[in-house]
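Asker: File name protein_17.pdb; file contents PDB, C-alpha atoms; full text below.
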ATOM      1  CA  MET J   7     -83.376   6.982   2.361  1.00  0.00           C
ATOM      2  CA  ASN J   8     -83.069  10.648   2.890  1.00  0.00           C
ATOM      3  CA  LEU J   9     -79.693  10.674   1.320  1.00  0.00           C
ATOM      4  CA  LEU J  10     -80.819   8.782  -1.737  1.00  0.00           C
ATOM      5  CA  SER J  11     -83.838  10.943  -2.209  1.00  0.00           C
ATOM      6  CA  ALA J  12     -81.674  14.034  -1.779  1.00  0.00           C
ATOM      7  CA  LEU J  13     -79.275  12.784  -4.400  1.00  0.00           C
ATOM      8  CA  LEU J  14     -82.024  11.976  -6.862  1.00  0.00           C
ATOM      9  CA  SER J  15     -83.880  15.205  -6.351  1.00  0.00           C
ATOM     10  CA  GLU J  16     -83.326  18.218  -8.484  1.00  0.00           C
ATOM     11  CA  GLY J  17     -81.479  20.204  -5.914  1.00  0.00           C
ATOM     12  CA  SER J  18     -78.614  17.735  -5.475  1.00  0.00           C
ATOM     13  CA  ILE J  19     -74.977  18.364  -6.036  1.00  0.00           C
ATOM     14  CA  ILE J  20     -74.530  15.391  -8.362  1.00  0.00           C
ATOM     15  CA  ASP J  21     -76.902  15.145 -11.196  1.00  0.00           C
ATOM     16  CA  LEU J  22     -77.409  11.516 -12.217  1.00  0.00           C
ATOM     17  CA  ASP J  23     -78.849  11.555 -15.627  1.00  0.00           C
ATOM     18  CA  GLY J  24     -78.151   9.466 -18.742  1.00  0.00           C
ATOM     19  CA  SER J  25     -74.825  11.220 -19.514  1.00  0.00           C
ATOM     20  CA  PHE J  26     -73.256   9.580 -16.500  1.00  0.00           C
ATOM     21  CA  PHE J  27     -73.748   6.136 -17.975  1.00  0.00           C
ATOM     22  CA  ILE J  28     -72.431   7.308 -21.348  1.00  0.00           C
ATOM     23  CA  GLN J  29     -69.322   8.709 -19.701  1.00  0.00           C
ATOM     24  CA  LEU J  30     -68.902   5.475 -17.763  1.00  0.00           C
ATOM     25  CA  ALA J  31     -69.154   3.468 -21.011  1.00  0.00           C
ATOM     26  CA  ILE J  32     -66.647   5.806 -22.753  1.00  0.00           C
ATOM     27  CA  PHE J  33     -64.253   5.385 -19.808  1.00  0.00           C
ATOM     28  CA  TRP J  34     -64.381   1.570 -19.986  1.00  0.00           C
ATOM     29  CA  ILE J  35     -64.021   1.543 -23.770  1.00  0.00           C
ATOM     30  CA  ALA J  36     -61.030   3.906 -23.537  1.00  0.00           C
ATOM     31  CA  TYR J  37     -59.563   1.771 -20.747  1.00  0.00           C
ATOM     32  CA  PHE J  38     -59.746  -1.474 -22.741  1.00  0.00           C
ATOM     33  CA  ILE J  39     -58.425   0.164 -25.925  1.00  0.00           C
ATOM     34  CA  LEU J  40     -55.505   1.772 -24.026  1.00  0.00           C
ATOM     35  CA  LYS J  41     -54.863  -1.436 -22.170  1.00  0.00           C
ATOM     36  CA  ALA J  42     -54.558  -3.367 -25.413  1.00  0.00           C
ATOM     37  CA  THR J  43     -52.621  -0.743 -27.393  1.00  0.00           C
ATOM     38  CA  VAL J  44     -50.483   1.056 -24.794  1.00  0.00           C
ATOM     39  CA  PHE J  45     -50.335  -0.606 -21.394  1.00  0.00           C
ATOM     40  CA  ARG J  46     -49.628  -4.199 -22.489  1.00  0.00           C
ATOM     41  CA  PRO J  47     -46.762  -3.250 -24.905  1.00  0.00           C
ATOM     42  CA  ILE J  48     -45.210  -0.979 -22.273  1.00  0.00           C
ATOM     43  CA  LEU J  49     -45.517  -3.687 -19.615  1.00  0.00           C
ATOM     44  CA  ALA J  50     -44.057  -6.226 -22.050  1.00  0.00           C
ATOM     45  CA  VAL J  51     -41.109  -3.903 -22.782  1.00  0.00           C
ATOM     46  CA  LEU J  52     -40.549  -3.297 -19.048  1.00  0.00           C
ATOM     47  CA  GLU J  53     -40.730  -7.037 -18.285  1.00  0.00           C
ATOM     48  CA  ALA J  54     -38.331  -7.829 -21.141  1.00  0.00           C
ATOM     49  CA  ARG J  55     -35.970  -5.145 -19.849  1.00  0.00           C
ATOM     50  CA  GLU J  56     -36.150  -6.572 -16.331  1.00  0.00           C
ATOM     51  CA  GLU J  57     -35.525 -10.096 -17.675  1.00  0.00           C
ATOM     52  CA  THR J  58     -32.543  -8.821 -19.646  1.00  0.00           C
ATOM     53  CA  ILE J  59     -31.133  -7.097 -16.566  1.00  0.00           C
ATOM     54  CA  ASP J  60     -31.710 -10.178 -14.409  1.00  0.00           C
ATOM     55  CA  GLY J  61     -30.112 -12.373 -17.073  1.00  0.00           C
ATOM     56  CA  ALA J  62     -27.105 -10.055 -17.269  1.00  0.00           C
ATOM     57  CA  LYS J  63     -26.806 -10.124 -13.480  1.00  0.00           C
ATOM     58  CA  ARG J  64     -26.956 -13.925 -13.451  1.00  0.00           C
ATOM     59  CA  GLU J  65     -24.399 -14.103 -16.233  1.00  0.00           C
ATOM     60  CA  ALA J  66     -22.117 -11.633 -14.418  1.00  0.00           C
ATOM     61  CA  LYS J  67     -22.358 -13.719 -11.240  1.00  0.00           C
ATOM     62  CA  GLY J  68     -21.545 -16.846 -13.232  1.00  0.00           C
ATOM     63  CA  VAL J  69     -18.557 -15.183 -14.885  1.00  0.00           C
ATOM     64  CA  GLU J  70     -17.362 -13.877 -11.522  1.00  0.00           C
ATOM     65  CA  LYS J  71     -17.650 -17.344  -9.954  1.00  0.00           C
ATOM     66  CA  ASP J  72     -15.880 -18.888 -12.935  1.00  0.00           C
ATOM     67  CA  SER J  73     -13.053 -16.356 -12.685  1.00  0.00           C
ATOM     68  CA  ARG J  74     -12.680 -17.022  -8.938  1.00  0.00           C
ATOM     69  CA  ASP J  75     -12.545 -20.764  -9.620  1.00  0.00           C
ATOM     70  CA  LYS J  76      -9.951 -20.276 -12.343  1.00  0.00           C
ATOM     71  CA  GLN J  77      -7.915 -17.986 -10.085  1.00  0.00           C
ATOM     72  CA  LYS J  78      -7.954 -20.604  -7.306  1.00  0.00           C
ATOM     73  CA  ALA J  79      -6.894 -23.302  -9.769  1.00  0.00           C
ATOM     74  CA  PHE J  80      -4.115 -21.055 -11.092  1.00  0.00           C
ATOM     75  CA  GLU J  81      -2.875 -20.294  -7.577  1.00  0.00           C
ATOM     76  CA  LYS J  82      -2.925 -24.008  -6.753  1.00  0.00           C
ATOM     77  CA  GLN J  83      -0.916 -24.829  -9.876  1.00  0.00           C
ATOM     78  CA  LEU J  84       1.494 -21.992  -9.115  1.00  0.00           C
ATOM     79  CA  ALA J  85       2.026 -23.326  -5.583  1.00  0.00           C
ATOM     80  CA  GLU J  86       2.669 -26.824  -6.989  1.00  0.00           C
ATOM     81  CA  VAL J  87       5.168 -25.436  -9.510  1.00  0.00           C
ATOM     82  CA  ARG J  88       6.944 -23.478  -6.779  1.00  0.00           C
ATOM     83  CA  THR J  89       7.093 -26.569  -4.580  1.00  0.00           C
ATOM     84  CA  ARG J  90       8.535 -28.646  -7.413  1.00  0.00           C
ATOM     85  CA  ALA J  91      11.025 -25.877  -8.239  1.00  0.00           C
ATOM     86  CA  ASN J  92      12.160 -25.693  -4.609  1.00  0.00           C
ATOM     87  CA  GLU J  93      12.543 -29.472  -4.469  1.00  0.00           C
ATOM     88  CA  GLU J  94      14.524 -29.449  -7.714  1.00  0.00           C
ATOM     89  CA  ARG J  95      16.710 -26.576  -6.459  1.00  0.00           C
ATOM     90  CA  GLU J  96      17.446 -28.463  -3.223  1.00  0.00           C
ATOM     91  CA  LYS J  97      18.198 -31.626  -5.186  1.00  0.00           C
ATOM     92  CA  LEU J  98      20.623 -29.726  -7.446  1.00  0.00           C
ATOM     93  CA  ARG J  99      22.281 -28.109  -4.409  1.00  0.00           C
ATOM     94  CA  ALA J 100      22.753 -31.508  -2.788  1.00  0.00           C
ATOM     95  CA  GLU J 101      24.229 -32.889  -6.008  1.00  0.00           C
ATOM     96  CA  ALA J 102      26.521 -29.872  -6.312  1.00  0.00           C
ATOM     97  CA  LYS J 103      27.732 -30.264  -2.708  1.00  0.00           C
ATOM     98  CA  HIS J 104      28.333 -33.962  -3.271  1.00  0.00           C
ATOM     99  CA  LEU J 105      30.236 -33.238  -6.493  1.00  0.00           C
ATOM    100  CA  GLU J 106      32.232 -30.514  -4.736  1.00  0.00           C
ATOM    101  CA  ALA J 107      33.148 -32.874  -1.892  1.00  0.00           C
ATOM    102  CA  THR J 108      34.130 -35.595  -4.377  1.00  0.00           C
ATOM    103  CA  LEU J 109      36.279 -33.221  -6.424  1.00  0.00           C
ATOM    104  CA  LEU J 110      37.943 -31.758  -3.324  1.00  0.00           C
ATOM    105  CA  GLU J 111      38.753 -35.227  -2.019  1.00  0.00           C
ATOM    106  CA  LYS J 112      40.211 -36.212  -5.391  1.00  0.00           C
ATOM    107  CA  VAL J 113      42.281 -33.015  -5.532  1.00  0.00           C
ATOM    108  CA  ARG J 114      43.528 -33.596  -1.969  1.00  0.00           C
ATOM    109  CA  THR J 115      44.470 -37.174  -2.774  1.00  0.00           C
ATOM    110  CA  ASP J 116      46.237 -36.165  -6.000  1.00  0.00           C
ATOM    111  CA  THR J 117      48.013 -33.303  -4.234  1.00  0.00           C
ATOM    112  CA  GLN J 118      49.193 -35.568  -1.412  1.00  0.00           C
ATOM    113  CA  LYS J 119      50.456 -38.114  -3.941  1.00  0.00           C
ATOM    114  CA  GLU J 120      52.316 -35.395  -5.846  1.00  0.00           C
ATOM    115  CA  LEU J 121      53.764 -34.015  -2.587  1.00  0.00           C
ATOM    116  CA  ALA J 122      54.885 -37.487  -1.536  1.00  0.00           C
ATOM    117  CA  ALA J 123      56.449 -38.042  -4.963  1.00  0.00           C
ATOM    118  CA  ALA J 124      58.154 -34.634  -4.808  1.00  0.00           C
ATOM    119  CA  GLU J 125      59.483 -35.317  -1.301  1.00  0.00           C
ATOM    120  CA  GLU J 126      60.737 -38.697  -2.458  1.00  0.00           C
ATOM    121  CA  THR J 127      62.442 -37.114  -5.443  1.00  0.00           C
ATOM    122  CA  LEU J 128      63.953 -34.404  -3.213  1.00  0.00           C
ATOM    123  CA  ALA J 129      65.173 -37.009  -0.741  1.00  0.00           C
ATOM    124  CA  ALA J 130      66.723 -39.022  -3.564  1.00  0.00           C
ATOM    125  CA  GLU J 131      68.346 -35.911  -5.042  1.00  0.00           C
ATOM    126  CA  ALA J 132      69.595 -34.873  -1.594  1.00  0.00           C
ATOM    127  CA  ALA J 133      71.080 -38.342  -0.978  1.00  0.00           C
ATOM    128  CA  LYS J 134      72.670 -38.254  -4.401  1.00  0.00           C
ATOM    129  CA  ALA J 135      74.052 -34.771  -3.744  1.00  0.00           C
ATOM    130  CA  ARG J 136      75.428 -35.864  -0.330  1.00  0.00           C
ATOM    131  CA  LYS J 137      77.036 -38.917  -1.883  1.00  0.00           C
ATOM    132  CA  HIS J 138      78.540 -36.767  -4.615  1.00  0.00           C
ATOM    133  CA  ILE J 139      79.771 -34.257  -2.048  1.00  0.00           C
ATOM    134  CA  GLU J 140      81.260 -37.029   0.095  1.00  0.00           C
ATOM    135  CA  THR J 141      83.158 -38.437  -2.838  1.00  0.00           C
ATOM    136  CA  GLU J 142      84.359 -35.050  -4.022  1.00  0.00           C
ATOM    137  CA  THR J 143      85.104 -33.538  -0.594  1.00  0.00           C
ATOM    138  CA  ALA J 144      88.351 -35.407   0.157  1.00  0.00           C
ATOM    139  CA  PRO J 145      90.127 -34.618  -3.130  1.00  0.00           C
ATOM    140  CA  ILE J 146      88.985 -30.973  -3.038  1.00  0.00           C
ATOM    141  CA  ALA J 147      90.075 -30.627   0.606  1.00  0.00           C
ATOM    142  CA  ARG J 148      93.532 -32.081  -0.295  1.00  0.00           C
ATOM    143  CA  ALA J 149      93.850 -29.718  -3.216  1.00  0.00           C
ATOM    144  CA  ILE J 150      92.912 -26.703  -1.096  1.00  0.00           C
ATOM    145  CA  SER J 151      95.266 -27.772   1.696  1.00  0.00           C
ATOM    146  CA  SER J 152      98.075 -28.312  -0.757  1.00  0.00           C
ATOM    147  CA  LYS J 153      97.658 -24.881  -2.206  1.00  0.00           C
ATOM    148  CA  LEU J 154      97.443 -23.224   1.178  1.00  0.00           C
ATOM    149  CA  LEU J 155     100.384 -25.088   2.583  1.00  0.00           C
ATOM    150  CA  GLN J 156     102.193 -25.066  -0.702  1.00  0.00           C
ATOM    151  CA  ARG J 157     103.042 -28.664  -0.362  1.00  0.00           C
ATOM    152  CA  GLU J 158     101.441 -31.960  -1.128  1.00  0.00           C
ATOM    153  CA  VAL J 159      99.039 -33.281   1.546  1.00  0.00           C
ATOM    154  CA  ALA J 160      98.175 -36.946   1.697  1.00  0.00           C
TER     155      ALA J 160
END
Since I need it in another form, could you write the structure as structure tokens?
Answerer:
Amino acid sequence: MNLLSALLSEGSIIDLDGSFFIQLAIFWIAYFILKATVFRPILAVLEAREETIDGAKREAKGVEKDSRDKQKAFEKQLAEVRTRANEEREKLRAEAKHLEATLLEKVRTDTQKELAAAEETLAAEAAKARKHIETETAPIARAISSKLLQREVA
């Protein structure tokens, strides 16, 4: 009780008179007025700003995920297209090799036929030439001998 009596006595450091309660009432009135007119609007603006930022972050994450998904789908499609292109290229190469082999075989066959026909023609021409030479050789030889010997040879 000494402390309380010292505080309430006239020689105390803190003077508790009626002005204290008036100041306390003014403080609470000012607090509620400021709370209603200043603090709540500022807090509402800050909360709205935070919501907007959070919403933008969520949207950015969604867009990023969507872009990754689309990129994966694109890469998958690209791989499928490349695979199909490689298969088609190999198919065309096989067809080209088959066509080349077929054409070469046909050319070889045709060439061999033409060579055989040419050899046959040459053989026939050679036989004809030999026959012609055989028939013409005896009279030409007699004529040459007759001229050289200057007499008729039989």
Asker: Evaluated on this file, the PyMOL selection byres ((chain J and resi 159) around 10) picks out some residues - which ones are they, written as number ranges by chain?
Answerer: J: 147-153, 155-158, 160
Asker: Expressed in Å to a single decimal, how great is the separation between atom CA of J:Trp34 and atom CA of J:Leu49?
Answerer: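 Answer for the atom CA of J:Trp34 to atom CA of J:Leu49 separation: 19.6 Å.
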Asker: Could you jot down the atom CA of J:Ile48 to atom CA of J:Phe33 separation for me, Å, one decimal place?
Answerer: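 Computed distance, atom CA of J:Ile48 to atom CA of J:Phe33, equals 20.2 Å.
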